[in-house]
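Contents: one structure, followed by commentary.
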Amino acid sequence: METKKEKLTILVCAHKPDEHIRNYPPYKAIQVGVALHPEMDLGFLKDNVGENISEKNPMYCELSAIYWGWKNIKNVEYLGLAHYRRYFDIDLNETNVDKLMKGYDMMVVKRNKTVDFSFNKRGVTYATSQEDFWLYIDTFLYMRPEYKSEIIDYFVNCNKYTPFTMFFAKKEVYDDFCEFVFPVFFELEKRIPMHPYSRQNRFMAYFGEWTLGLYIYCKHLKVKRVPYVMLGDNCNHTPVVKYSVYRLAINNLKYYLKYTKALLRRKKAKLLFPDDIKVGLMNDGYELKGLESVLKNIKL
């Protein structure tokens, strides 16, 4: 007898006890990194059962929960991810989800607006390193050549940033995102050496945060952007403020004036591949598989 398909599930990745973790419908908490900490039992789903990458959690962080959902949750219509203290500031349930998602491919966190068209490149480079960034670009261009123009454009001509690797979508869109990301990341993981600093060894998680926006850009998805709420007394992230209608209108007007001014002043940029980074990578024995195909269009 076929099991009835669930309407929606929002996985909540967690790695330590916290009173703010939601583990009631439609939320399902999942303990990540269990393969490395078998002594800890939070009483939730565990990311080391079924097909999983639990042992990679220090590098992949919340992506190990996303991977687990891709491989192990089959009979659901909508699937998404939240964090143990960070949630979409919207009520999602079986009765309203179809209406809320009508006309949209994916729900993501509402971003702070910027007129910086190289924000994505600068942001991911700052979080990782220049060498890591160029190996990331090279690997994506090599493995996803059909999106060459979108990949380059996203990092030099796009002011749209999608934070936190939090999203919610139909299961087929969720799965398509995973198909887009993980084969590239597994190849990239082979190419980037472990860093001497523990924070930088989370490079796959940092890449994941920017790749959600890249996926949306490449696939031309229509996304519903909603505020998020950060729970807990010692949180260092400020959620998107819900302004009054008047204040919101003023802020939007100021932004669009700046945005229009920036558009009028700028010329479409090219991806600038610094010569010292290129030479350094080649000296370190890296073969540039994807960038070589577009080097003729890149100013050194």
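The way I read the labels, and the way they are meant: chains A, B, ... in the order of the structure tokens, residue 1 as the first residue of every chain, and ligand 1 as the first ligand shown, with later ones counted on from there.
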Pull the strand (DSSP E or B) assignments for region 7-215 of chain A out of DSSP run on the backbone, and list those residues as a count of residues only. 34
Sorted by chain and rising residue number, which residues of region 42-79 of chain A lie within 12 Å of region 188-193 of chain A, and what are their closest atom pairs and distances in Å to one decimal, counting only C-alpha atoms, as CSV?
residue,atom,partner,partner_atom,distance
A:Lys56,CA,A:Glu189,CA,10.2
A:Met59,CA,A:Glu189,CA,9.1
A:Tyr60,CA,A:Glu189,CA,10.1
Could you write those residues out with N, CA and C atoms, as a short mmCIF file (atom, residue, chain, number, x, y, z; two decimals), in the first residue's frame?
data_model
loop_
_atom_site.label_atom_id
_atom_site.label_comp_id
_atom_site.auth_asym_id
_atom_site.auth_seq_id
_atom_site.Cartn_x
_atom_site.Cartn_y
_atom_site.Cartn_z
N LYS A 56 31.48 14.73 6.68
CA LYS A 56 31.98 15.95 6.03
C LYS A 56 31.41 17.21 6.68
N MET A 59 33.24 20.62 7.14
CA MET A 59 33.43 21.40 5.91
C MET A 59 32.11 21.91 5.35
N TYR A 60 31.07 21.07 5.42
CA TYR A 60 29.82 21.36 4.73
C TYR A 60 28.76 22.00 5.61
#
Extract, using only C-alpha atoms, all DNA, RNA and protein residues at most 10 Å from Arg144 (chain A), discarding same-chain residues fewer than 4 positions from it, and format them as a PyMOL selection string. chain A and resi 138-140+148+151+180-181+184+290
For those residues, write all heavy atoms to a file as a short mmCIF file (atom, residue, chain, number, x, y, z; two decimals), in the first residue's frame.
data_model
loop_
_atom_site.label_atom_id
_atom_site.label_comp_id
_atom_site.auth_asym_id
_atom_site.auth_seq_id
_atom_site.Cartn_x
_atom_site.Cartn_y
_atom_site.Cartn_z
N ASP A 138 36.50 27.92 -11.44
CA ASP A 138 37.04 27.01 -12.46
C ASP A 138 36.27 25.69 -12.48
O ASP A 138 35.94 25.17 -13.55
CB ASP A 138 38.53 26.75 -12.17
CG ASP A 138 39.17 25.88 -13.23
OD1 ASP A 138 39.26 26.32 -14.39
OD2 ASP A 138 39.57 24.75 -12.90
N THR A 139 35.97 25.16 -11.31
CA THR A 139 35.27 23.87 -11.23
C THR A 139 33.84 23.99 -11.73
O THR A 139 33.34 23.12 -12.45
CB THR A 139 35.28 23.34 -9.78
OG1 THR A 139 36.63 23.31 -9.30
CG2 THR A 139 34.72 21.93 -9.70
N PHE A 140 33.16 25.08 -11.38
CA PHE A 140 31.80 25.27 -11.86
C PHE A 140 31.76 25.46 -13.38
O PHE A 140 30.90 24.91 -14.06
CB PHE A 140 31.14 26.47 -11.17
CG PHE A 140 30.10 26.06 -10.16
CD1 PHE A 140 30.32 26.19 -8.81
CD2 PHE A 140 28.88 25.54 -10.57
CE1 PHE A 140 29.37 25.80 -7.87
CE2 PHE A 140 27.92 25.14 -9.66
CZ PHE A 140 28.16 25.27 -8.30
N LYS A 148 27.82 29.02 -18.38
CA LYS A 148 29.04 29.84 -18.35
C LYS A 148 28.73 31.32 -18.19
O LYS A 148 29.29 32.00 -17.32
CB LYS A 148 29.87 29.60 -19.61
CG LYS A 148 31.15 30.43 -19.68
CD LYS A 148 31.95 30.12 -20.93
CE LYS A 148 31.26 30.66 -22.17
NZ LYS A 148 32.09 30.46 -23.38
N ILE A 151 27.21 32.12 -14.71
CA ILE A 151 28.18 31.99 -13.62
C ILE A 151 29.06 33.23 -13.55
O ILE A 151 29.28 33.81 -12.48
CB ILE A 151 29.04 30.72 -13.80
CG1 ILE A 151 28.18 29.48 -13.61
CG2 ILE A 151 30.22 30.71 -12.83
CD1 ILE A 151 28.84 28.18 -14.04
N PHE A 180 22.57 20.17 -8.86
CA PHE A 180 23.38 21.27 -9.37
C PHE A 180 24.63 21.48 -8.53
O PHE A 180 25.71 21.78 -9.05
CB PHE A 180 22.52 22.54 -9.38
CG PHE A 180 23.20 23.78 -9.90
CD1 PHE A 180 23.25 24.03 -11.26
CD2 PHE A 180 23.75 24.70 -9.03
CE1 PHE A 180 23.86 25.19 -11.75
CE2 PHE A 180 24.36 25.86 -9.50
CZ PHE A 180 24.41 26.10 -10.86
N VAL A 181 24.50 21.31 -7.22
CA VAL A 181 25.56 21.69 -6.29
C VAL A 181 26.53 20.55 -5.96
O VAL A 181 27.75 20.70 -6.11
CB VAL A 181 24.94 22.23 -4.98
CG1 VAL A 181 26.01 22.43 -3.92
CG2 VAL A 181 24.20 23.52 -5.24
N VAL A 184 29.51 19.15 -8.16
CA VAL A 184 30.56 20.16 -8.29
C VAL A 184 31.36 20.27 -7.00
O VAL A 184 32.59 20.33 -7.02
CB VAL A 184 29.95 21.52 -8.66
CG1 VAL A 184 31.04 22.59 -8.76
CG2 VAL A 184 29.19 21.44 -9.98
N GLY A 290 38.11 24.80 -16.35
CA GLY A 290 36.98 25.59 -16.81
C GLY A 290 37.36 26.97 -17.26
O GLY A 290 36.85 27.48 -18.26
#
Please identify all polymer residues within 9 Å of region 22-38 of chain A, counting only C-alpha atoms, omitting same-chain residues fewer than 4 positions from it, and present them as a ChimeraX atom specification. /A:7-16,42-48,53-58,61-62,64-65,81-85,92-94
Within 12 Å of Lys71 (chain A), counting only C-alpha atoms, which residues qualify if same-chain residues fewer than 2 places away don't, as a list in words?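 In the requested format, the answer is Asp47, Asn48, Val49, Gly50, Glu51, Asn52, Ile53, Ser64, Ala65, Ile66, Tyr67, Trp68, Gly69, Ile73, Lys74, Asn75, Lys171, Tyr174, Asp175, Asp176, Cys178, Glu179 and Phe182 of chain A.
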List every residue of region 161-249 of chain A that DSSP, applied to the backbone of this structure, assigns to alpha helix (DSSP H), and report them as a PyMOL selection string. chain A and resi 171-191+203-219+245-249
Counting only C-alpha atoms, closest pick from A:Tyr217, A:Phe164, A:Phe185, A:Phe207 relative to Arg111 (chain A) is A:Phe164
Report, in Å with one decimal, the straight-line distance from CA of Phe155 (chain A) to CA of Glu131 (chain A).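 Value for the CA of Phe155 (chain A)-CA of Glu131 (chain A) distance: 15.3 Å.
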Judged by only C-alpha atoms, the minimum distance to Met166 (chain A) among A:Gly285, A:Gly232, A:Pro227, A:Pro274 is found for A:Pro227
Computed interatomic separation between CA of Tyr78 (chain A) and CA of Val223 (chain A) (Å):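 According to the coordinates, CA of Tyr78 (chain A) and CA of Val223 (chain A) are separated by 14.5 Å.
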Just checking: using only C-alpha atoms, which residue out of A:Thr125, A:Gln200, A:Thr211, A:Thr162 ends up closest to Met107 (chain A)? A:Thr162
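Picture a line from CA of Glu19 (chain A) to CA of Phe167 (chain A); it runs 22.5 Å.
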Extract, using only C-alpha atoms, all DNA, RNA and protein residues at most 10 Å from Leu281 (chain A), discarding same-chain residues fewer than 4 positions from it, and format them as a PyMOL selection string. chain A and resi 131-132+134-135+275-277+285-288
Got time to write the residues from that selection, all heavy atoms, as a short mmCIF file (atom, residue, chain, number, x, y, z; two decimals), in the first residue's frame?
data_model
loop_
_atom_site.label_atom_id
_atom_site.label_comp_id
_atom_site.auth_asym_id
_atom_site.auth_seq_id
_atom_site.Cartn_x
_atom_site.Cartn_y
_atom_site.Cartn_z
N GLU A 131 42.48 32.15 -3.87
CA GLU A 131 42.75 30.88 -4.54
C GLU A 131 41.53 29.96 -4.49
O GLU A 131 41.17 29.32 -5.49
CB GLU A 131 43.96 30.19 -3.91
CG GLU A 131 45.31 30.83 -4.24
CD GLU A 131 45.60 32.08 -3.43
OE1 GLU A 131 44.79 32.44 -2.55
OE2 GLU A 131 46.63 32.73 -3.68
N ASP A 132 40.89 29.87 -3.33
CA ASP A 132 39.68 29.05 -3.19
C ASP A 132 38.60 29.52 -4.15
O ASP A 132 37.92 28.71 -4.80
CB ASP A 132 39.14 29.10 -1.76
CG ASP A 132 40.03 28.36 -0.77
OD1 ASP A 132 40.96 27.68 -1.21
OD2 ASP A 132 39.76 28.47 0.44
N TRP A 134 38.84 31.13 -7.03
CA TRP A 134 39.10 30.85 -8.43
C TRP A 134 39.02 29.36 -8.75
O TRP A 134 38.61 28.98 -9.85
CB TRP A 134 40.45 31.45 -8.85
CG TRP A 134 40.35 32.95 -8.96
CD1 TRP A 134 40.84 33.88 -8.10
CD2 TRP A 134 39.68 33.67 -9.99
NE1 TRP A 134 40.52 35.14 -8.51
CE2 TRP A 134 39.81 35.04 -9.68
CE3 TRP A 134 38.98 33.31 -11.14
CZ2 TRP A 134 39.26 36.05 -10.48
CZ3 TRP A 134 38.43 34.31 -11.94
CH2 TRP A 134 38.58 35.66 -11.61
N LEU A 135 39.37 28.52 -7.80
CA LEU A 135 39.17 27.09 -8.01
C LEU A 135 37.68 26.75 -8.03
O LEU A 135 37.24 25.87 -8.77
CB LEU A 135 39.89 26.29 -6.93
CG LEU A 135 41.42 26.27 -7.03
CD1 LEU A 135 42.03 25.58 -5.80
CD2 LEU A 135 41.87 25.55 -8.31
N ASP A 275 46.65 37.97 -12.58
CA ASP A 275 47.75 37.18 -13.12
C ASP A 275 48.52 36.46 -12.02
O ASP A 275 48.96 35.32 -12.21
CB ASP A 275 48.68 38.09 -13.91
CG ASP A 275 49.64 37.31 -14.80
OD1 ASP A 275 49.20 36.32 -15.41
OD2 ASP A 275 50.83 37.68 -14.87
N ASP A 276 48.69 37.10 -10.86
CA ASP A 276 49.46 36.46 -9.79
C ASP A 276 48.74 35.24 -9.24
O ASP A 276 49.36 34.24 -8.89
CB ASP A 276 49.77 37.45 -8.66
CG ASP A 276 48.52 38.05 -8.03
OD1 ASP A 276 47.49 38.14 -8.73
OD2 ASP A 276 48.58 38.44 -6.84
N ILE A 277 47.40 35.29 -9.18
CA ILE A 277 46.63 34.14 -8.71
C ILE A 277 46.71 33.01 -9.73
O ILE A 277 46.91 31.84 -9.37
CB ILE A 277 45.16 34.52 -8.46
CG1 ILE A 277 45.06 35.66 -7.43
CG2 ILE A 277 44.38 33.31 -7.97
CD1 ILE A 277 45.62 35.33 -6.07
N GLY A 285 50.48 23.42 -9.20
CA GLY A 285 50.12 22.18 -9.88
C GLY A 285 48.65 22.04 -10.25
O GLY A 285 48.20 20.95 -10.59
N TYR A 286 47.89 23.16 -10.20
CA TYR A 286 46.48 23.09 -10.54
C TYR A 286 46.27 23.29 -12.04
O TYR A 286 46.77 24.25 -12.62
CB TYR A 286 45.69 24.16 -9.78
CG TYR A 286 45.58 23.89 -8.31
CD1 TYR A 286 46.41 24.54 -7.40
CD2 TYR A 286 44.66 22.97 -7.82
CE1 TYR A 286 46.32 24.28 -6.04
CE2 TYR A 286 44.56 22.71 -6.46
CZ TYR A 286 45.39 23.37 -5.58
OH TYR A 286 45.30 23.11 -4.23
N GLU A 287 45.53 22.39 -12.65
CA GLU A 287 45.15 22.52 -14.04
C GLU A 287 43.82 23.26 -14.09
O GLU A 287 42.83 22.84 -13.48
CB GLU A 287 45.00 21.15 -14.70
CG GLU A 287 44.52 21.21 -16.14
CD GLU A 287 44.19 19.85 -16.70
OE1 GLU A 287 44.34 18.84 -15.98
OE2 GLU A 287 43.76 19.80 -17.87
N LEU A 288 43.78 24.38 -14.81
CA LEU A 288 42.57 25.16 -14.92
C LEU A 288 41.70 24.56 -16.03
O LEU A 288 41.97 24.73 -17.21
CB LEU A 288 42.90 26.62 -15.20
CG LEU A 288 43.73 27.31 -14.10
CD1 LEU A 288 44.08 28.72 -14.50
CD2 LEU A 288 42.98 27.28 -12.78
#
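You can rank A:Met194, A:Met230, A:Ile137, A:Met143 by their closest distance to Leu272 (chain A) using only C-alpha atoms, and at the top of that list sits A:Ile137.
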